[in-house]
Amino acid sequence: MLDRKFIVENASLIQENCARRGVKCDVARLVQLETARRQKLQEVEELNRQANETQKKIGQTKDPAERETVKAAGRQLREAKDAAQAEHDRLDTQVHALQQAIPNLTHPAAPIGGEADSKDIRRGKTPIRTFDFTPLDHVAIGERLGLFDLEAGARTTGHGFYFLKNDGVLLDLALQRYAIETLIREGFMLTTTPDLARNEILEGIGFNPRGSETQVYSIENTDLSLVGTAEITLGGMYSGLTLEEEQLPIKVAGLSHCFRTEAGAHGQATRGIYRVHQFTKVEMFAYTTPEASDAMHDAIMAIECQIFDGLGIPYRVIDTASGDLGGPAYRKFDLEAWMPGRGTVKDGKPSGDWGEITSTSNCTDYQSRRLNTRFRKKGEKGTQFVHTLNGTAVANTRAMIAILENYQQADGSVTVPEVLRTWMGKDRIAAPA
RNA sequence: GGAGAGGUGGCUGAGUGGUCGAAAGCGCCGGUUUGCUAAACCGGUGUACGGGAAACCGUACCGCAGGUUCGAAUCCUGUCCUCUCCGCCA
């Protein structure tokens, strides 16, 4: 959420930014309503002032008859105030609705345009492998090696759910452990987070828990939802608090399950475990001062690169274009791994394709304003909103796809990446005997 | 799940209808004094929003949301959270 005052004072800039982001928003209407709201607020405050004055007089008035006269005046003032307040609240609701639809500002360096305009800014250390056999996709590999059971998932829960089995479980745990070890070295505080959060926290982070196009599972008869990412719970951790500047930056790693309805996503890449309703993720989250958020964003992206360079997965880094940023992000970098089993199949051979494996966003003060997470500078009056950033360390299903497809061997086995062997307890995943 | 107690400023804690944004102590900041340190003394010290060049002024805020009242930290209702006891339980 952007600051109302800022919106009013920079209406044309905001309107332009909305256009760049492909968001329809009537900024002029917002400005008009907000101006009216502020006038009403002044009216409310003035009536309150008069009522307060009158009320003090009542306490001091001893004569009963006179007291009743002053009381009546006070009552009248409060009634006038209530009417003005009701009008103010009506305007406030309207402004809030418009305000909520306005996306964050955009980093000046972020590419302008739609998905096609996103920029490929960096490649990982691992080159794309050429196969001397026809590579399989992760579904075929997983079936052959007994790593997951999609049909059992569908029977038990529904399409988009799965059981991990055998070495699939070990691989999942190894990835978590590898990510966590990396984040310990990088100075993150480790957490496992709740898998449910209050709807107000979801909204603060920028998720919409209600409505037909919601990506969120909600819990009936409560105001709780299943989290789509630990970003939600990690962002909720300090909501409503005022931090000291010396506490910043705060870097938190969160291990959680992630639940997504993926409403409207049918048809696109639904095969296997690429797009599922539940997965496990190690997430990074950071709270910084406004001056430090750009550097932190680069640092988080560098950690993501380190993790996937370490895993020996070929990837590219995408500087996401304005139209594809989503509401809260000021700038977003995605890592896309090369997945040999994806893409179009020609002559029985898959072309391979890039697939998103991580994403890191600088949300500046867009989330902290709604979550009310502030910080105070020593010796300075007042408070400021912190900047928040998030980034994926490892999203398990996507990482598993990348590993299985890139490390598959001609004999059908899969070599375990060097860095995972300690946690896997083996260097090769072979078909069960 | 049942019964009870409680949530007040950075902290401790007083305050049961008006003069309370809130005593007192601690802490913190500034000053005075004292070889240094410490102590003592004096003054200051919440946040948000609005107005103002500023001094400052106004409004709101005593977990949160409502209600009663001319007036609520104080009374009522709901809700969230904490603690104690009982029950259940991985």
# chains A, B, ... in the order shown; residues from 1 in each chain; ligands from 1
>>> interface_residues(of="chain B", to="chain A", cutoff="6 Å", atoms="only C-alpha atoms (C1' of nucleotides)", output="compact mmCIF listing (two decimals) with N, CA, C and O atoms (P, O5', C5', C4', C3', O3' and C1' of nucleotides), in the first residue's frame")
# COMPACT_ATOMS: atom_id res chain seq x y z
P G B 18 -14.07 10.95 37.47
O5' G B 18 -13.86 12.18 36.49
C5' G B 18 -13.23 11.97 35.24
C4' G B 18 -13.40 13.19 34.37
C3' G B 18 -12.77 14.46 34.93
O3' G B 18 -12.06 15.03 33.86
C1' G B 18 -15.05 14.83 34.42
P U B 59 -8.63 19.26 20.94
O5' U B 59 -8.65 18.04 19.92
C5' U B 59 -9.69 17.92 18.95
C4' U B 59 -9.44 16.73 18.06
C3' U B 59 -9.20 15.42 18.80
O3' U B 59 -10.40 14.83 19.25
C1' U B 59 -7.59 15.67 17.10
P C B 70 -26.36 11.94 27.18
O5' C B 70 -25.07 12.80 26.83
C5' C B 70 -25.04 13.64 25.67
C4' C B 70 -23.84 14.55 25.76
C3' C B 70 -22.53 13.85 26.09
O3' C B 70 -21.94 13.31 24.93
C1' C B 70 -22.79 15.71 27.51
P G B 71 -21.35 11.86 25.01
O5' G B 71 -20.14 12.07 26.03
C5' G B 71 -19.00 12.82 25.62
C4' G B 71 -18.04 12.98 26.74
C3' G B 71 -17.52 11.67 27.33
O3' G B 71 -16.46 11.16 26.54
C1' G B 71 -18.13 13.13 29.08
>>> select_by_dssp(residues="region 20-251 of chain A", states="alpha helix (DSSP H)", output="MDAnalysis selection string")
chainID A and resid 20 27:60 64:101 138:145 150:156 167:185 199:205 230:236
>>> residues_around(residues="Asn208 (chain A)", least_positions_apart="2", cutoff="12 Å", atoms="only C-alpha atoms (C1' of nucleotides)", output="MDAnalysis selection string")
chainID A and resid 100:101 198:206 210:218 225 227:228 232 327
>>> atom_distance(atom1="CA of Cys25 (chain A)", atom2="CA of His96 (chain A)")
12.6 Å
>>> residues_around(residues="A14 (chain B)", least_positions_apart="3", cutoff="12 Å", atoms="only C-alpha atoms (C1' of nucleotides)", output="VMD selection string")
chain B and resid 8 22 to 25 73
>>> write_last_selection(atoms="C-alpha atoms (C1' of nucleotides)", output="mmCIF file, in the first residue's frame")
data_model
loop_
_atom_site.group_PDB
_atom_site.id
_atom_site.type_symbol
_atom_site.label_atom_id
_atom_site.label_comp_id
_atom_site.auth_asym_id
_atom_site.auth_seq_id
_atom_site.Cartn_x
_atom_site.Cartn_y
_atom_site.Cartn_z
ATOM 1 C "C1'" U B 8 -1.937 1.159 31.180
ATOM 2 C "C1'" A B 22 -2.357 9.584 32.351
ATOM 3 C "C1'" A B 23 0.883 9.584 39.566
ATOM 4 C "C1'" A B 24 5.392 7.606 41.239
ATOM 5 C "C1'" G B 25 9.892 5.054 40.484
ATOM 6 C "C1'" A B 73 -8.136 4.093 31.036
#
>>> residues_around(residues="G4 (chain B)", least_positions_apart="6", cutoff="12 Å", atoms="only C-alpha atoms (C1' of nucleotides)", output="NGL selection string")
:B and (83-86)
>>> residues_around(residues="C26 (chain B)", least_positions_apart="4", cutoff="12 Å", atoms="only C-alpha atoms (C1' of nucleotides)", output="mmCIF file with all heavy atoms, in the first residue's frame")
data_model
loop_
_atom_site.group_PDB
_atom_site.id
_atom_site.type_symbol
_atom_site.label_atom_id
_atom_site.label_comp_id
_atom_site.auth_asym_id
_atom_site.auth_seq_id
_atom_site.Cartn_x
_atom_site.Cartn_y
_atom_site.Cartn_z
ATOM 1 P P G B 10 6.437 3.490 24.638
ATOM 2 O OP1 G B 10 6.821 4.453 23.615
ATOM 3 O OP2 G B 10 5.469 2.408 24.374
ATOM 4 O "O5'" G B 10 7.763 2.825 25.215
ATOM 5 C "C5'" G B 10 8.458 1.875 24.419
ATOM 6 C "C4'" G B 10 9.602 1.334 25.216
ATOM 7 O "O4'" G B 10 10.504 2.413 25.530
ATOM 8 C "C3'" G B 10 9.210 0.775 26.572
ATOM 9 O "O3'" G B 10 8.760 -0.555 26.472
ATOM 10 C "C2'" G B 10 10.510 0.888 27.343
ATOM 11 O "O2'" G B 10 11.403 -0.137 26.995
ATOM 12 C "C1'" G B 10 11.056 2.219 26.821
ATOM 13 N N9 G B 10 10.685 3.363 27.672
ATOM 14 C C8 G B 10 9.956 4.463 27.311
ATOM 15 N N7 G B 10 9.807 5.323 28.287
ATOM 16 C C5 G B 10 10.482 4.752 29.350
ATOM 17 C C6 G B 10 10.673 5.220 30.687
ATOM 18 O O6 G B 10 10.262 6.257 31.200
ATOM 19 N N1 G B 10 11.427 4.321 31.435
ATOM 20 C C2 G B 10 11.916 3.136 30.962
ATOM 21 N N2 G B 10 12.603 2.417 31.832
ATOM 22 N N3 G B 10 11.751 2.688 29.728
ATOM 23 C C4 G B 10 11.033 3.546 28.982
ATOM 24 P P C B 11 7.504 -1.034 27.364
ATOM 25 O OP1 C B 11 7.007 -2.285 26.745
ATOM 26 O OP2 C B 11 6.583 0.095 27.579
ATOM 27 O "O5'" C B 11 8.184 -1.403 28.753
ATOM 28 C "C5'" C B 11 9.137 -2.459 28.830
ATOM 29 C "C4'" C B 11 9.794 -2.442 30.192
ATOM 30 O "O4'" C B 11 10.469 -1.170 30.374
ATOM 31 C "C3'" C B 11 8.829 -2.512 31.368
ATOM 32 O "O3'" C B 11 8.452 -3.845 31.657
ATOM 33 C "C2'" C B 11 9.649 -1.890 32.489
ATOM 34 O "O2'" C B 11 10.596 -2.800 33.005
ATOM 35 C "C1'" C B 11 10.385 -0.780 31.738
ATOM 36 N N1 C B 11 9.694 0.522 31.821
ATOM 37 C C2 C B 11 9.728 1.225 33.041
ATOM 38 O O2 C B 11 10.328 0.726 34.005
ATOM 39 N N3 C B 11 9.115 2.420 33.132
ATOM 40 C C4 C B 11 8.482 2.934 32.079
ATOM 41 N N4 C B 11 7.897 4.120 32.217
ATOM 42 C C5 C B 11 8.420 2.235 30.831
ATOM 43 C C6 C B 11 9.033 1.043 30.749
ATOM 44 P P U B 12 7.011 -4.131 32.311
ATOM 45 O OP1 U B 12 6.858 -5.606 32.334
ATOM 46 O OP2 U B 12 6.003 -3.284 31.650
ATOM 47 O "O5'" U B 12 7.195 -3.613 33.814
ATOM 48 C "C5'" U B 12 7.974 -4.365 34.746
ATOM 49 C "C4'" U B 12 8.035 -3.628 36.066
ATOM 50 O "O4'" U B 12 8.571 -2.296 35.847
ATOM 51 C "C3'" U B 12 6.690 -3.359 36.728
ATOM 52 O "O3'" U B 12 6.207 -4.485 37.439
ATOM 53 C "C2'" U B 12 7.055 -2.214 37.676
ATOM 54 O "O2'" U B 12 7.758 -2.683 38.798
ATOM 55 C "C1'" U B 12 8.006 -1.397 36.799
ATOM 56 N N1 U B 12 7.301 -0.316 36.077
ATOM 57 C C2 U B 12 6.961 0.817 36.809
ATOM 58 O O2 U B 12 7.206 0.937 37.996
ATOM 59 N N3 U B 12 6.320 1.799 36.105
ATOM 60 C C4 U B 12 5.981 1.774 34.756
ATOM 61 O O4 U B 12 5.409 2.735 34.259
ATOM 62 C C5 U B 12 6.361 0.574 34.069
ATOM 63 C C6 U B 12 6.994 -0.406 34.742
ATOM 64 P P G B 13 4.616 -4.743 37.520
ATOM 65 O OP1 G B 13 4.393 -5.813 38.516
ATOM 66 O OP2 G B 13 4.097 -4.895 36.149
ATOM 67 O "O5'" G B 13 4.045 -3.376 38.102
ATOM 68 C "C5'" G B 13 4.131 -3.055 39.500
ATOM 69 C "C4'" G B 13 3.701 -1.628 39.726
ATOM 70 O "O4'" G B 13 4.334 -0.768 38.737
ATOM 71 C "C3'" G B 13 2.210 -1.344 39.565
ATOM 72 O "O3'" G B 13 1.525 -1.615 40.775
ATOM 73 C "C2'" G B 13 2.185 0.139 39.220
ATOM 74 O "O2'" G B 13 2.345 0.947 40.364
ATOM 75 C "C1'" G B 13 3.459 0.277 38.364
ATOM 76 N N9 G B 13 3.180 0.172 36.925
ATOM 77 C C8 G B 13 3.335 -0.937 36.127
ATOM 78 N N7 G B 13 3.026 -0.725 34.875
ATOM 79 C C5 G B 13 2.644 0.613 34.847
ATOM 80 C C6 G B 13 2.197 1.419 33.767
ATOM 81 O O6 G B 13 2.046 1.099 32.581
ATOM 82 N N1 G B 13 1.889 2.719 34.175
ATOM 83 C C2 G B 13 2.012 3.168 35.458
ATOM 84 N N2 G B 13 1.670 4.446 35.650
ATOM 85 N N3 G B 13 2.431 2.443 36.479
ATOM 86 C C4 G B 13 2.725 1.179 36.104
#
>>> residues_around(residues="region 118-120 of chain A", least_positions_apart="2", cutoff="12 Å", atoms="only C-alpha atoms (C1' of nucleotides)", output="list in words")
Ala109, Ala110, Pro111, Ile112, Gly113, Gly114, Glu115, Ala116, Arg122, Arg123, Gly124, Tyr315, Arg316, Val317, Ile318, Asp319, Thr320, Ala321, Ser322, Gly323, Asp324, Leu325, Arg331, Lys332, Phe333, Asp334, Leu335, Glu336 and Trp354 of chain A
>>> closest_residue(among="A:Thr61, A:Gln94, A:Thr130, A:Ser12", to="Pro340 (chain A)", atoms="only C-alpha atoms")
A:Thr130
>>> closest_residue(among="A:Arg37, A:Arg271, A:Arg29, A:His387", to="Pro249 (chain A)", atoms="only C-alpha atoms")
A:His387
